[in-house]
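Okay, my_file.cif now, which holds mmCIF, C-alpha atoms:
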data_structure
loop_
_atom_site.group_PDB
_atom_site.id
_atom_site.type_symbol
_atom_site.label_atom_id
_atom_site.label_comp_id
_atom_site.auth_asym_id
_atom_site.auth_seq_id
_atom_site.Cartn_x
_atom_site.Cartn_y
_atom_site.Cartn_z
ATOM 1 C CA MET A 1 79.478 110.551 96.621
ATOM 2 C CA TYR A 2 83.057 111.616 97.196
ATOM 3 C CA GLU A 3 84.371 114.577 95.219
ATOM 4 C CA LEU A 4 88.115 114.543 94.586
ATOM 5 C CA TYR A 5 89.689 117.833 93.565
ATOM 6 C CA ILE A 6 92.892 117.492 91.582
ATOM 7 C CA ALA A 7 95.050 119.553 89.215
ATOM 8 C CA ASN A 8 96.708 118.829 85.859
ATOM 9 C CA LYS A 9 97.431 115.135 85.442
ATOM 10 C CA ASN A 10 100.675 115.842 83.622
ATOM 11 C CA TYR A 11 102.164 117.623 86.628
ATOM 12 C CA SER A 12 100.258 116.904 89.826
ATOM 13 C CA SER A 13 101.983 114.035 91.602
ATOM 14 C CA TRP A 14 100.139 114.729 94.861
ATOM 15 C CA SER A 15 96.765 114.500 93.098
ATOM 16 C CA LEU A 16 97.693 111.149 91.595
ATOM 17 C CA ARG A 17 98.018 109.410 94.961
ATOM 18 C CA PRO A 18 94.362 109.401 96.109
ATOM 19 C CA TRP A 19 93.076 109.257 92.528
ATOM 20 C CA VAL A 20 94.940 106.041 91.667
ATOM 21 C CA LEU A 21 94.074 104.528 95.053
ATOM 22 C CA MET A 22 90.364 105.148 94.607
ATOM 23 C CA LYS A 23 90.330 104.024 90.981
ATOM 24 C CA THR A 24 92.307 100.846 91.607
ATOM 25 C CA ARG A 25 90.307 99.900 94.697
ATOM 26 C CA ASP A 26 86.935 100.664 93.037
ATOM 27 C CA ILE A 27 85.955 103.515 95.344
ATOM 28 C CA ALA A 28 83.462 105.639 93.423
ATOM 29 C CA PHE A 29 84.072 109.386 93.224
ATOM 30 C CA VAL A 30 83.442 112.445 91.104
ATOM 31 C CA GLU A 31 86.614 113.959 89.675
ATOM 32 C CA ARG A 32 86.952 117.743 89.883
ATOM 33 C CA LEU A 33 89.975 118.832 87.854
ATOM 34 C CA VAL A 34 91.018 122.460 88.339
ATOM 35 C CA PRO A 35 94.086 123.385 86.249
ATOM 36 C CA PHE A 36 97.067 125.187 87.716
ATOM 37 C CA GLN A 37 96.795 128.968 87.319
ATOM 38 C CA PRO A 38 99.501 131.360 86.072
ATOM 39 C CA GLY A 39 101.265 132.791 89.101
ATOM 40 C CA SER A 40 99.566 131.642 92.303
ATOM 41 C CA ASN A 41 96.959 128.888 92.536
ATOM 42 C CA PHE A 42 95.998 129.908 96.049
ATOM 43 C CA ASP A 43 92.856 131.938 95.385
ATOM 44 C CA ALA A 44 91.453 129.511 92.806
ATOM 45 C CA PHE A 45 92.138 126.442 94.925
ATOM 46 C CA ARG A 46 90.892 128.058 98.137
ATOM 47 C CA ARG A 47 87.378 127.757 96.748
ATOM 48 C CA PHE A 48 87.492 124.039 97.568
ATOM 49 C CA SER A 49 90.600 123.462 99.700
ATOM 50 C CA PRO A 50 91.441 125.184 103.013
ATOM 51 C CA THR A 51 95.158 125.168 102.167
ATOM 52 C CA GLY A 52 94.736 126.362 98.591
ATOM 53 C CA LYS A 53 96.426 123.166 97.440
ATOM 54 C CA VAL A 54 95.474 119.861 95.819
ATOM 55 C CA PRO A 55 94.392 117.171 96.340
ATOM 56 C CA CYS A 56 91.292 117.762 98.410
ATOM 57 C CA LEU A 57 88.505 115.275 99.123
ATOM 58 C CA ARG A 58 84.965 116.356 99.948
ATOM 59 C CA ASP A 59 82.518 113.896 101.463
ATOM 60 C CA GLY A 60 79.315 115.830 102.098
ATOM 61 C CA ASP A 61 80.201 118.395 104.755
ATOM 62 C CA THR A 62 83.546 116.721 105.495
ATOM 63 C CA VAL A 63 86.614 118.246 103.838
ATOM 64 C CA VAL A 64 89.850 116.248 103.829
ATOM 65 C CA TRP A 65 92.998 117.910 102.508
ATOM 66 C CA ASP A 66 96.494 116.479 101.982
ATOM 67 C CA SER A 67 97.072 113.145 100.260
ATOM 68 C CA LEU A 68 98.049 111.325 103.462
ATOM 69 C CA GLY A 69 95.011 112.682 105.288
ATOM 70 C CA ILE A 70 92.776 111.540 102.425
ATOM 71 C CA ALA A 71 94.309 108.058 102.469
ATOM 72 C CA GLY A 72 93.750 107.766 106.221
ATOM 73 C CA TYR A 73 90.142 108.941 105.927
ATOM 74 C CA LEU A 74 89.390 106.437 103.178
ATOM 75 C CA ALA A 75 91.043 103.635 105.169
ATOM 76 C CA GLU A 76 88.572 104.264 107.993
ATOM 77 C CA LYS A 77 85.631 103.854 105.629
ATOM 78 C CA HIS A 78 86.823 101.102 103.254
ATOM 79 C CA ALA A 79 88.336 97.753 104.201
ATOM 80 C CA ASP A 80 91.882 96.655 103.498
ATOM 81 C CA LEU A 81 93.324 99.841 102.041
ATOM 82 C CA TRP A 82 96.266 99.032 104.297
ATOM 83 C CA PRO A 83 97.535 95.417 104.401
ATOM 84 C CA ARG A 84 95.735 93.150 106.859
ATOM 85 C CA ASP A 85 98.936 91.662 108.282
ATOM 86 C CA VAL A 86 100.129 93.759 111.228
ATOM 87 C CA ALA A 87 103.799 93.720 110.247
ATOM 88 C CA ALA A 88 103.019 94.588 106.633
ATOM 89 C CA ARG A 89 100.602 97.294 107.694
ATOM 90 C CA THR A 90 103.093 98.885 110.090
ATOM 91 C CA TRP A 91 105.863 98.801 107.499
ATOM 92 C CA SER A 92 103.552 100.207 104.830
ATOM 93 C CA ARG A 93 102.489 103.117 107.008
ATOM 94 C CA CYS A 94 106.111 104.001 107.679
ATOM 95 C CA ALA A 95 107.065 103.712 104.004
ATOM 96 C CA ALA A 96 104.128 105.878 102.887
ATOM 97 C CA ALA A 97 104.976 108.495 105.522
ATOM 98 C CA GLU A 98 108.622 108.464 104.443
ATOM 99 C CA MET A 99 107.579 109.096 100.850
ATOM 100 C CA HIS A 100 105.185 111.818 101.959
ATOM 101 C CA SER A 101 107.773 113.795 103.935
ATOM 102 C CA GLY A 102 111.100 112.767 102.444
ATOM 103 C CA PHE A 103 112.987 112.343 99.165
ATOM 104 C CA ALA A 104 113.500 116.092 98.757
ATOM 105 C CA ALA A 105 116.287 115.778 96.191
ATOM 106 C CA LEU A 106 114.165 113.501 94.012
ATOM 107 C CA ARG A 107 111.266 115.978 94.140
ATOM 108 C CA ASN A 108 113.490 118.981 93.394
ATOM 109 C CA HIS A 109 115.566 117.511 90.583
ATOM 110 C CA CYS A 110 112.927 115.242 89.051
ATOM 111 C CA GLY A 111 109.685 117.184 89.072
ATOM 112 C CA MET A 112 106.716 115.328 87.651
ATOM 113 C CA SER A 113 105.881 115.948 84.005
ATOM 114 C CA LEU A 114 104.838 112.585 82.653
ATOM 115 C CA GLY A 115 104.596 113.746 79.038
ATOM 116 C CA VAL A 116 108.241 114.694 78.561
ATOM 117 C CA ARG A 117 111.578 112.912 78.610
ATOM 118 C CA VAL A 118 114.415 114.707 80.365
ATOM 119 C CA ARG A 119 118.190 114.307 80.410
ATOM 120 C CA LEU A 120 119.484 115.611 83.740
ATOM 121 C CA ARG A 121 122.619 117.743 83.591
ATOM 122 C CA GLU A 122 123.961 116.169 86.767
ATOM 123 C CA TRP A 123 123.078 113.544 89.364
ATOM 124 C CA PRO A 124 124.013 115.129 92.691
ATOM 125 C CA THR A 125 124.899 112.990 95.673
ATOM 126 C CA ALA A 126 121.615 113.715 97.443
ATOM 127 C CA LEU A 127 119.596 112.582 94.424
ATOM 128 C CA GLN A 128 121.637 109.397 94.104
ATOM 129 C CA ALA A 129 121.080 108.734 97.817
ATOM 130 C CA ASP A 130 117.314 109.124 97.374
ATOM 131 C CA ILE A 131 117.313 106.624 94.500
ATOM 132 C CA VAL A 132 119.345 104.144 96.537
ATOM 133 C CA ARG A 133 116.903 104.507 99.426
ATOM 134 C CA LEU A 134 113.891 104.049 97.127
ATOM 135 C CA GLU A 135 115.302 100.837 95.757
ATOM 136 C CA GLU A 136 116.210 99.607 99.240
ATOM 137 C CA LEU A 137 112.694 100.323 100.469
ATOM 138 C CA TRP A 138 110.962 98.639 97.538
ATOM 139 C CA ASN A 139 113.206 95.588 97.669
ATOM 140 C CA GLU A 140 112.548 95.224 101.393
ATOM 141 C CA GLY A 141 108.770 95.386 101.077
ATOM 142 C CA LEU A 142 108.619 93.002 98.144
ATOM 143 C CA ALA A 143 110.938 90.501 99.826
ATOM 144 C CA ARG A 144 109.349 90.608 103.296
ATOM 145 C CA PHE A 145 105.718 90.468 102.282
ATOM 146 C CA GLY A 146 105.864 88.374 99.133
ATOM 147 C CA GLY A 147 104.725 90.876 96.500
ATOM 148 C CA PRO A 148 103.653 91.606 93.882
ATOM 149 C CA PHE A 149 102.936 94.878 95.740
ATOM 150 C CA LEU A 150 104.860 96.400 98.612
ATOM 151 C CA GLY A 151 102.579 95.175 101.404
ATOM 152 C CA GLY A 152 101.778 91.806 99.828
ATOM 153 C CA GLY A 153 99.293 90.624 97.248
ATOM 154 C CA ASP A 154 97.058 93.693 96.992
ATOM 155 C CA PHE A 155 97.581 97.259 95.815
ATOM 156 C CA THR A 156 97.284 99.408 98.940
ATOM 157 C CA ILE A 157 97.933 102.963 100.089
ATOM 158 C CA VAL A 158 101.692 102.529 100.192
ATOM 159 C CA ASP A 159 101.781 101.603 96.497
ATOM 160 C CA ALA A 160 99.620 104.617 95.636
ATOM 161 C CA PHE A 161 102.175 106.864 97.323
ATOM 162 C CA PHE A 162 104.933 105.578 95.052
ATOM 163 C CA CYS A 163 102.938 105.760 91.810
ATOM 164 C CA PRO A 164 104.227 109.280 90.997
ATOM 165 C CA VAL A 165 107.778 107.943 91.313
ATOM 166 C CA ALA A 166 107.015 105.341 88.642
ATOM 167 C CA PHE A 167 106.295 108.150 86.173
ATOM 168 C CA ARG A 168 109.459 109.958 87.234
ATOM 169 C CA VAL A 169 111.531 106.829 86.572
ATOM 170 C CA VAL A 170 110.380 106.935 82.942
ATOM 171 C CA THR A 171 110.658 110.710 82.518
ATOM 172 C CA TYR A 172 114.245 110.859 83.775
ATOM 173 C CA ASP A 173 115.396 107.369 82.724
ATOM 174 C CA ILE A 174 116.299 106.465 86.309
ATOM 175 C CA GLN A 175 118.250 103.225 86.328
ATOM 176 C CA LEU A 176 117.154 100.574 88.840
ATOM 177 C CA GLY A 177 117.929 96.967 89.620
ATOM 178 C CA ALA A 178 115.732 94.218 88.234
ATOM 179 C CA THR A 179 113.385 93.887 91.218
ATOM 180 C CA ALA A 180 112.694 97.614 91.552
ATOM 181 C CA ALA A 181 112.383 98.041 87.787
ATOM 182 C CA SER A 182 109.809 95.245 87.656
ATOM 183 C CA TYR A 183 107.830 96.910 90.434
ATOM 184 C CA VAL A 184 107.808 100.201 88.503
ATOM 185 C CA GLU A 185 106.534 98.407 85.416
ATOM 186 C CA ARG A 186 103.831 96.713 87.499
ATOM 187 C CA LEU A 187 102.608 100.111 88.658
ATOM 188 C CA LEU A 188 102.746 101.596 85.169
ATOM 189 C CA GLN A 189 100.614 98.770 83.770
ATOM 190 C CA LEU A 190 97.779 99.269 86.240
ATOM 191 C CA PRO A 191 94.632 100.296 84.328
ATOM 192 C CA ALA A 192 94.263 103.389 86.485
ATOM 193 C CA MET A 193 97.846 104.461 85.803
ATOM 194 C CA ARG A 194 97.350 103.974 82.065
ATOM 195 C CA GLU A 195 94.148 106.018 82.230
ATOM 196 C CA TRP A 196 95.878 108.833 84.143
ATOM 197 C CA GLN A 197 98.799 108.841 81.705
ATOM 198 C CA ALA A 198 96.548 108.990 78.634
ATOM 199 C CA ALA A 199 94.642 111.922 80.118
ATOM 200 C CA GLY A 200 97.876 113.685 81.063
ATOM 201 C CA LEU A 201 99.274 113.335 77.553
ATOM 202 C CA ALA A 202 96.036 114.713 76.091
ATOM 203 C CA GLU A 203 96.066 117.851 78.238
ATOM 204 C CA ARG A 204 96.768 121.055 76.346
ATOM 205 C CA TRP A 205 97.415 123.165 79.423
ATOM 206 C CA ARG A 206 100.968 124.225 80.205
ATOM 207 C CA ASP A 207 102.192 125.489 83.552
ATOM 208 C CA ALA A 208 105.209 127.743 83.170
ATOM 209 C CA SER A 209 106.471 127.318 86.732
ATOM 210 C CA HIS A 210 106.520 123.520 86.477
ATOM 211 C CA ASP A 211 108.171 123.608 83.052
ATOM 212 C CA LEU A 212 110.837 126.076 84.186
ATOM 213 C CA GLU A 213 111.565 123.954 87.246
ATOM 214 C CA ILE A 214 112.251 120.949 85.033
ATOM 215 C CA GLN A 215 114.421 122.972 82.651
ATOM 216 C CA GLN A 216 116.454 124.229 85.606
ATOM 217 C CA TYR A 217 117.894 120.757 86.146
ATOM 218 C CA GLY A 218 117.716 119.074 82.782
ATOM 219 C CA GLU A 219 117.205 119.189 79.028
ATOM 220 C CA VAL A 220 113.855 118.131 77.583
ATOM 221 C CA ILE A 221 114.750 115.670 74.820
ATOM 222 C CA ALA A 222 111.212 114.597 73.887
ATOM 223 C CA ASP A 223 107.728 116.009 74.401
ATOM 224 C CA LEU A 224 104.905 113.488 73.905
ATOM 225 C CA ARG A 225 102.063 115.771 74.973
ATOM 226 C CA ALA A 226 99.273 117.107 72.792
ATOM 227 C CA PRO A 227 100.066 120.560 71.366
ATOM 228 C CA ALA A 228 99.662 123.372 73.848
ATOM 229 C CA ALA A 229 96.485 125.405 73.685
ATOM 230 C CA ALA A 230 96.824 128.577 71.667
#
Final C-alpha coordinates representation of the file:
Amino acid sequence: MYELYIANKNYSSWSLRPWVLMKTRDIAFVERLVPFQPGSNFDAFRRFSPTGKVPCLRDGDTVVWDSLGIAGYLAEKHADLWPRDVAARTWSRCAAAEMHSGFAALRNHCGMSLGVRVRLREWPTALQADIVRLEELWNEGLARFGGPFLGGGDFTIVDAFFCPVAFRVVTYDIQLGATAASYVERLLQLPAMREWQAAGLAERWRDASHDLEIQQYGEVIADLRAPAAA
(Lines of atoms letter the chains of each structure in order from A and count residues from 1; the text may use other names and numbers.)
(Lines give C-alpha, C1' and ligand atoms only; values in the text may rest on other atoms or scores of the structure.)
Protein backbone atom coordinates (compact mmCIF):
# COMPACT_ATOMS: atom_id res chain seq x y z
CA MET A 1 0.00 0.00 0.00
CA TYR A 2 1.09 3.56 -0.61
CA GLU A 3 2.72 5.44 2.25
CA LEU A 4 2.27 9.21 2.16
CA TYR A 5 4.64 11.25 4.30
CA ILE A 6 3.30 14.64 5.33
CA ALA A 7 3.92 17.30 7.98
CA ASN A 8 1.65 19.30 10.29
CA LYS A 9 -1.83 19.68 8.82
CA ASN A 10 -2.17 23.19 10.19
CA TYR A 11 0.77 24.45 8.14
CA SER A 12 1.71 22.06 5.34
CA SER A 13 -0.03 23.22 2.18
CA TRP A 14 2.18 21.04 -0.02
CA SER A 15 1.26 17.93 1.97
CA LEU A 16 -2.44 18.68 1.58
CA ARG A 17 -2.38 18.36 -2.21
CA PRO A 18 -1.73 14.61 -2.60
CA TRP A 19 -3.51 13.80 0.67
CA VAL A 20 -6.81 15.41 -0.38
CA LEU A 21 -6.51 13.94 -3.88
CA MET A 22 -6.06 10.41 -2.58
CA LYS A 23 -8.76 10.74 0.07
CA THR A 24 -11.33 12.26 -2.28
CA ARG A 25 -10.64 9.78 -5.07
CA ASP A 26 -10.64 6.76 -2.70
CA ILE A 27 -7.01 5.79 -3.23
CA ALA A 28 -5.97 3.82 -0.15
CA PHE A 29 -2.78 4.85 1.65
CA VAL A 30 -1.07 4.85 5.01
CA GLU A 31 -0.51 8.33 6.42
CA ARG A 32 2.90 9.04 7.93
CA LEU A 33 2.81 12.41 9.69
CA VAL A 34 6.20 13.76 10.76
CA PRO A 35 5.93 17.16 12.49
CA PHE A 36 8.11 20.10 11.54
CA GLN A 37 11.26 20.29 13.68
CA PRO A 38 12.69 23.38 15.41
CA GLY A 39 15.33 24.86 13.14
CA SER A 40 15.88 22.64 10.11
CA ASN A 41 13.65 19.74 9.07
CA PHE A 42 16.24 18.44 6.65
CA ASP A 43 17.82 15.65 8.69
CA ALA A 44 14.50 14.35 10.06
CA PHE A 45 12.78 14.41 6.68
CA ARG A 46 15.77 12.93 4.84
CA ARG A 47 14.96 9.62 6.50
CA PHE A 48 12.07 9.22 4.05
CA SER A 49 12.47 11.94 1.40
CA PRO A 50 15.52 12.51 -0.83
CA THR A 51 14.99 16.28 -0.73
CA GLY A 52 14.36 16.47 3.01
CA LYS A 53 10.95 17.95 2.25
CA VAL A 54 7.30 16.87 2.30
CA PRO A 55 5.22 15.44 0.78
CA CYS A 56 6.82 12.18 -0.22
CA LEU A 57 5.05 9.07 -1.52
CA ARG A 58 6.51 5.59 -1.14
CA ASP A 59 5.14 2.71 -3.19
CA GLY A 60 7.24 -0.33 -2.30
CA ASP A 61 10.73 0.47 -3.58
CA THR A 62 9.50 3.48 -5.57
CA VAL A 63 9.96 6.89 -3.94
CA VAL A 64 8.09 9.87 -5.40
CA TRP A 65 8.83 13.32 -4.01
CA ASP A 66 7.21 16.68 -4.80
CA SER A 67 3.44 17.12 -4.94
CA LEU A 68 3.32 17.46 -8.73
CA GLY A 69 5.48 14.37 -9.18
CA ILE A 70 3.19 12.43 -6.84
CA ALA A 71 0.09 13.56 -8.75
CA GLY A 72 1.63 12.47 -12.05
CA TYR A 73 2.64 9.09 -10.65
CA LEU A 74 -0.84 8.44 -9.28
CA ALA A 75 -2.42 9.50 -12.59
CA GLU A 76 -0.45 6.76 -14.34
CA LYS A 77 -1.83 4.13 -11.97
CA HIS A 78 -5.42 5.33 -11.38
CA ALA A 79 -7.97 6.33 -14.00
CA ASP A 80 -9.38 9.80 -14.50
CA LEU A 81 -7.31 11.76 -12.00
CA TRP A 82 -7.05 14.27 -14.83
CA PRO A 83 -10.23 15.12 -16.81
CA ARG A 84 -11.00 12.77 -19.69
CA ASP A 85 -11.74 15.57 -22.16
CA VAL A 86 -8.54 16.58 -23.96
CA ALA A 87 -9.16 20.32 -23.74
CA ALA A 88 -10.08 20.13 -20.06
CA ARG A 89 -7.11 17.90 -19.33
CA THR A 90 -4.66 20.20 -21.10
CA TRP A 91 -6.05 23.27 -19.35
CA SER A 92 -6.00 21.50 -15.99
CA ARG A 93 -2.37 20.48 -16.36
CA CYS A 94 -1.39 24.05 -17.15
CA ALA A 95 -3.42 25.45 -14.24
CA ALA A 96 -1.94 22.94 -11.77
CA ALA A 97 1.58 23.71 -13.00
CA GLU A 98 0.93 27.44 -12.69
CA MET A 99 -0.18 26.96 -9.10
CA HIS A 100 2.82 24.75 -8.40
CA SER A 101 5.41 27.24 -9.65
CA GLY A 102 3.69 30.61 -9.38
CA PHE A 103 1.71 32.86 -7.04
CA ALA A 104 4.80 33.83 -5.04
CA ALA A 105 3.22 36.88 -3.42
CA LEU A 106 0.25 34.84 -2.22
CA ARG A 107 2.58 32.23 -0.70
CA ASN A 108 4.81 34.85 0.96
CA HIS A 109 2.11 37.11 2.38
CA CYS A 110 -0.52 34.47 3.11
CA GLY A 111 1.30 31.48 4.54
CA MET A 112 -0.91 28.55 5.42
CA SER A 113 -2.06 28.28 9.02
CA LEU A 114 -5.63 27.07 8.82
CA GLY A 115 -6.31 27.44 12.55
CA VAL A 116 -5.82 31.20 12.79
CA ARG A 117 -7.47 34.29 11.36
CA VAL A 118 -5.15 37.04 10.18
CA ARG A 119 -5.60 40.71 9.32
CA LEU A 120 -2.92 41.68 6.80
CA ARG A 121 -1.22 45.02 7.39
CA GLU A 122 -1.14 45.74 3.67
CA TRP A 123 -2.20 44.25 0.34
CA PRO A 124 0.74 44.89 -1.98
CA THR A 125 0.24 45.14 -5.71
CA ALA A 126 1.82 41.74 -6.37
CA LEU A 127 -0.54 40.03 -3.92
CA GLN A 128 -3.56 41.74 -5.45
CA ALA A 129 -2.37 40.63 -8.90
CA ASP A 130 -2.11 37.02 -7.70
CA ILE A 131 -5.67 37.13 -6.35
CA VAL A 132 -6.96 38.59 -9.61
CA ARG A 133 -5.20 35.84 -11.55
CA LEU A 134 -6.59 33.13 -9.25
CA GLU A 135 -10.11 34.36 -9.78
CA GLU A 136 -9.58 34.66 -13.53
CA LEU A 137 -8.25 31.10 -13.68
CA TRP A 138 -11.06 29.61 -11.61
CA ASN A 139 -13.76 31.47 -13.51
CA GLU A 140 -12.30 30.29 -16.81
CA GLY A 141 -12.19 26.63 -15.82
CA LEU A 142 -15.67 26.61 -14.34
CA ALA A 143 -17.15 28.40 -17.36
CA ARG A 144 -15.36 26.38 -20.06
CA PHE A 145 -15.85 22.93 -18.63
CA GLY A 146 -19.19 23.27 -16.88
CA GLY A 147 -18.19 22.77 -13.24
CA PRO A 148 -18.75 22.14 -10.44
CA PHE A 149 -14.97 21.54 -10.43
CA LEU A 150 -12.33 23.21 -12.55
CA GLY A 151 -12.02 20.46 -15.16
CA GLY A 152 -15.70 19.52 -15.21
CA GLY A 153 -17.88 17.29 -13.09
CA ASP A 154 -15.23 15.45 -11.07
CA PHE A 155 -12.67 16.51 -8.49
CA THR A 156 -9.29 16.03 -10.17
CA ILE A 157 -5.63 16.90 -9.64
CA VAL A 158 -6.09 20.54 -10.56
CA ASP A 159 -8.65 21.02 -7.79
CA ALA A 160 -6.34 19.33 -5.28
CA PHE A 161 -3.64 21.87 -6.14
CA PHE A 162 -5.94 24.75 -5.22
CA CYS A 163 -7.25 23.24 -1.98
CA PRO A 164 -4.57 25.00 0.13
CA VAL A 165 -5.71 28.31 -1.36
CA ALA A 166 -9.25 27.63 -0.10
CA PHE A 167 -7.92 27.56 3.46
CA ARG A 168 -5.92 30.73 2.84
CA VAL A 169 -9.06 32.52 1.62
CA VAL A 170 -10.64 31.88 5.03
CA THR A 171 -7.53 32.62 7.09
CA TYR A 172 -6.92 36.00 5.46
CA ASP A 173 -10.53 36.90 4.57
CA ILE A 174 -9.66 37.21 0.88
CA GLN A 175 -12.56 38.78 -0.96
CA LEU A 176 -13.67 37.08 -4.19
CA GLY A 177 -16.51 37.35 -6.66
CA ALA A 178 -19.51 35.08 -6.35
CA THR A 179 -18.32 32.33 -8.71
CA ALA A 180 -14.85 32.01 -7.16
CA ALA A 181 -16.25 32.25 -3.63
CA SER A 182 -18.69 29.43 -4.38
CA TYR A 183 -15.85 27.29 -5.69
CA VAL A 184 -13.86 27.88 -2.49
CA GLU A 185 -16.86 26.84 -0.41
CA ARG A 186 -17.28 23.72 -2.55
CA LEU A 187 -13.70 22.73 -1.79
CA LEU A 188 -14.05 23.49 1.91
CA GLN A 189 -17.13 21.27 2.19
CA LEU A 190 -15.43 18.20 0.74
CA PRO A 191 -15.33 15.47 3.41
CA ALA A 192 -11.57 15.15 3.03
CA MET A 193 -11.07 18.89 3.51
CA ARG A 194 -13.25 18.84 6.62
CA GLU A 195 -11.27 15.89 7.96
CA TRP A 196 -7.94 17.64 7.31
CA GLN A 197 -9.18 20.84 8.94
CA ALA A 198 -10.43 19.05 12.06
CA ALA A 199 -7.09 17.29 12.45
CA GLY A 200 -5.19 20.54 11.89
CA LEU A 201 -7.20 22.35 14.55
CA ALA A 202 -6.58 19.51 17.01
CA GLU A 203 -2.80 19.59 16.58
CA ARG A 204 -0.90 20.88 19.59
CA TRP A 205 2.40 21.33 17.77
CA ARG A 206 3.59 24.84 16.98
CA ASP A 207 6.24 25.73 14.44
CA ALA A 208 7.95 29.00 15.31
CA SER A 209 9.22 29.72 11.80
CA HIS A 210 5.75 29.39 10.26
CA ASP A 211 4.16 31.49 13.00
CA LEU A 212 6.78 34.23 12.70
CA GLU A 213 6.34 34.31 8.94
CA ILE A 214 2.62 34.96 9.36
CA GLN A 215 3.21 37.63 12.00
CA GLN A 216 5.65 39.37 9.67
CA TYR A 217 2.80 40.35 7.35
CA GLY A 218 -0.27 40.44 9.53
CA GLU A 219 -1.93 40.45 12.94
CA VAL A 220 -3.43 37.23 14.28
CA ILE A 221 -6.94 38.22 15.40
CA ALA A 222 -8.21 34.74 16.31
CA ASP A 223 -6.61 31.39 17.10
CA LEU A 224 -8.97 28.40 16.85
CA ARG A 225 -6.37 25.71 17.45
CA ALA A 226 -6.13 23.39 20.44
CA PRO A 227 -3.79 24.74 23.14
CA ALA A 228 -0.13 24.31 22.35
CA ALA A 229 1.69 21.42 23.96
CA ALA A 230 3.51 22.37 27.13
Quiz item: Hey, what's within 9 Å of Ala28 in chain A if we count only C-alpha atoms and toss same-chain stuff fewer than 2 positions away? As a PyMOL selection string, please?
Solution: chain A and resi 1-2+22-23+26+30
Quiz prompt | Between CA of Thr24 in chain A and CA of Glu3 in chain A, distance in Å (one decimal) | solution =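 Interatomic distance here is 16.3 Å.
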Practice problem: For Ala192 in chain A, please output as an MDAnalysis selection string all residues within 12 Å (counting only C-alpha atoms; exclusion window: fewer than 4 positions along the same chain). | Solution: chainID A and resid 16:26 155 160 163 186:188 196:199
Exercise. Measure the distance from CA of Tyr11 in chain A to CA of Glu136 in chain A in Å and round it to one decimal.
Key: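 Computing it gives 26.1 Å between the two atoms.
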Practice problem: Translate the PyMOL selection byres ((chain A and resi 169-183) around 8), as applied to the file shown, into an explicit residue set as a PyMOL selection string. | Solution: chain A and resi 110+112-120+135+138-139+148-149+165-168+184-187
Exercise. Using all atoms listed in the file, determine which residues lie at most 9 Å from Ser12 in chain A, disregarding the query and same-chain residues fewer than 5 positions distant; provide the list as a ChimeraX atom specification.
Key: /A:6-7,54-55,112-113,164
Quiz prompt | Using only C-alpha atoms: which of A:Arg204, A:Arg194, A:Arg133, A:His210 has the shortest distance to Asn108 in chain A | solution =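 Closest candidate: A:His210.
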Practice problem: Mind giving me the straight-line distance from CA of Asn41 in chain A to CA of Leu127 in chain A in Å, one decimal? | Solution: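 Distance reported for this atom pair: 28.0 Å.
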Exercise. Determine the nearest neighbour of Arg206 in chain A from the options A:Arg89, A:Arg225, A:Lys53, A:Arg121, counting all atoms listed in the file.
Key: A:Arg225
Practice problem: Carefully work through the PyMOL selection byres ((chain A and resi 69) around 12) for this structure and note down the residues it includes, as a list of chain:residue names. | Solution: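 After applying the PyMOL selection byres ((chain A and resi 69) around 12), what remains is A:Trp14, A:Arg17, A:Pro18, A:Val54, A:Pro55, A:Cys56, A:Leu57, A:Arg58, A:Val63, A:Val64, A:Trp65, A:Asp66, A:Ser67, A:Leu68, A:Ile70, A:Ala71, A:Gly72, A:Tyr73, A:Leu74, A:Ala75, A:Glu76, A:Ala96, A:Ala97, A:His100, A:Ile157.
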Residues from the last selection, C-alpha atoms, saved as a PDB file, in the coordinates of the input:
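Done, and the output landed in part32.pdb:
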ATOM      1  CA  TRP A  14     100.139 114.729  94.861  1.00  0.00           C
ATOM      2  CA  ARG A  17      98.018 109.410  94.961  1.00  0.00           C
ATOM      3  CA  PRO A  18      94.362 109.401  96.109  1.00  0.00           C
ATOM      4  CA  VAL A  54      95.474 119.861  95.819  1.00  0.00           C
ATOM      5  CA  PRO A  55      94.392 117.171  96.340  1.00  0.00           C
ATOM      6  CA  CYS A  56      91.292 117.762  98.410  1.00  0.00           C
ATOM      7  CA  LEU A  57      88.505 115.275  99.123  1.00  0.00           C
ATOM      8  CA  ARG A  58      84.965 116.356  99.948  1.00  0.00           C
ATOM      9  CA  VAL A  63      86.614 118.246 103.838  1.00  0.00           C
ATOM     10  CA  VAL A  64      89.850 116.248 103.829  1.00  0.00           C
ATOM     11  CA  TRP A  65      92.998 117.910 102.508  1.00  0.00           C
ATOM     12  CA  ASP A  66      96.494 116.479 101.982  1.00  0.00           C
ATOM     13  CA  SER A  67      97.072 113.145 100.260  1.00  0.00           C
ATOM     14  CA  LEU A  68      98.049 111.325 103.462  1.00  0.00           C
ATOM     15  CA  ILE A  70      92.776 111.540 102.425  1.00  0.00           C
ATOM     16  CA  ALA A  71      94.309 108.058 102.469  1.00  0.00           C
ATOM     17  CA  GLY A  72      93.750 107.766 106.221  1.00  0.00           C
ATOM     18  CA  TYR A  73      90.142 108.941 105.927  1.00  0.00           C
ATOM     19  CA  LEU A  74      89.390 106.437 103.178  1.00  0.00           C
ATOM     20  CA  ALA A  75      91.043 103.635 105.169  1.00  0.00           C
ATOM     21  CA  GLU A  76      88.572 104.264 107.993  1.00  0.00           C
ATOM     22  CA  ALA A  96     104.128 105.878 102.887  1.00  0.00           C
ATOM     23  CA  ALA A  97     104.976 108.495 105.522  1.00  0.00           C
ATOM     24  CA  HIS A 100     105.185 111.818 101.959  1.00  0.00           C
ATOM     25  CA  ILE A 157      97.933 102.963 100.089  1.00  0.00           C
TER      26      ILE A 157
END
Give the padded box for range 29-48 of chain A as lines of an AutoDock Vina configuration file: axis-aligned, covering all atoms listed in the file, 5 Å on each side, centre and edge lengths in Å to one decimal.
center_x = 92.4
center_y = 121.1
center_z = 92.1
size_x = 27.8
size_y = 33.4
size_z = 22.1
Quiz item: So which one's closest to Phe145 in chain A, A:Thr90, A:Gln189, A:Asn10, A:Thr51? Using only C-alpha atoms, please.
Solution: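 Of all the options, A:Thr90 lies closest to Phe145 in chain A.
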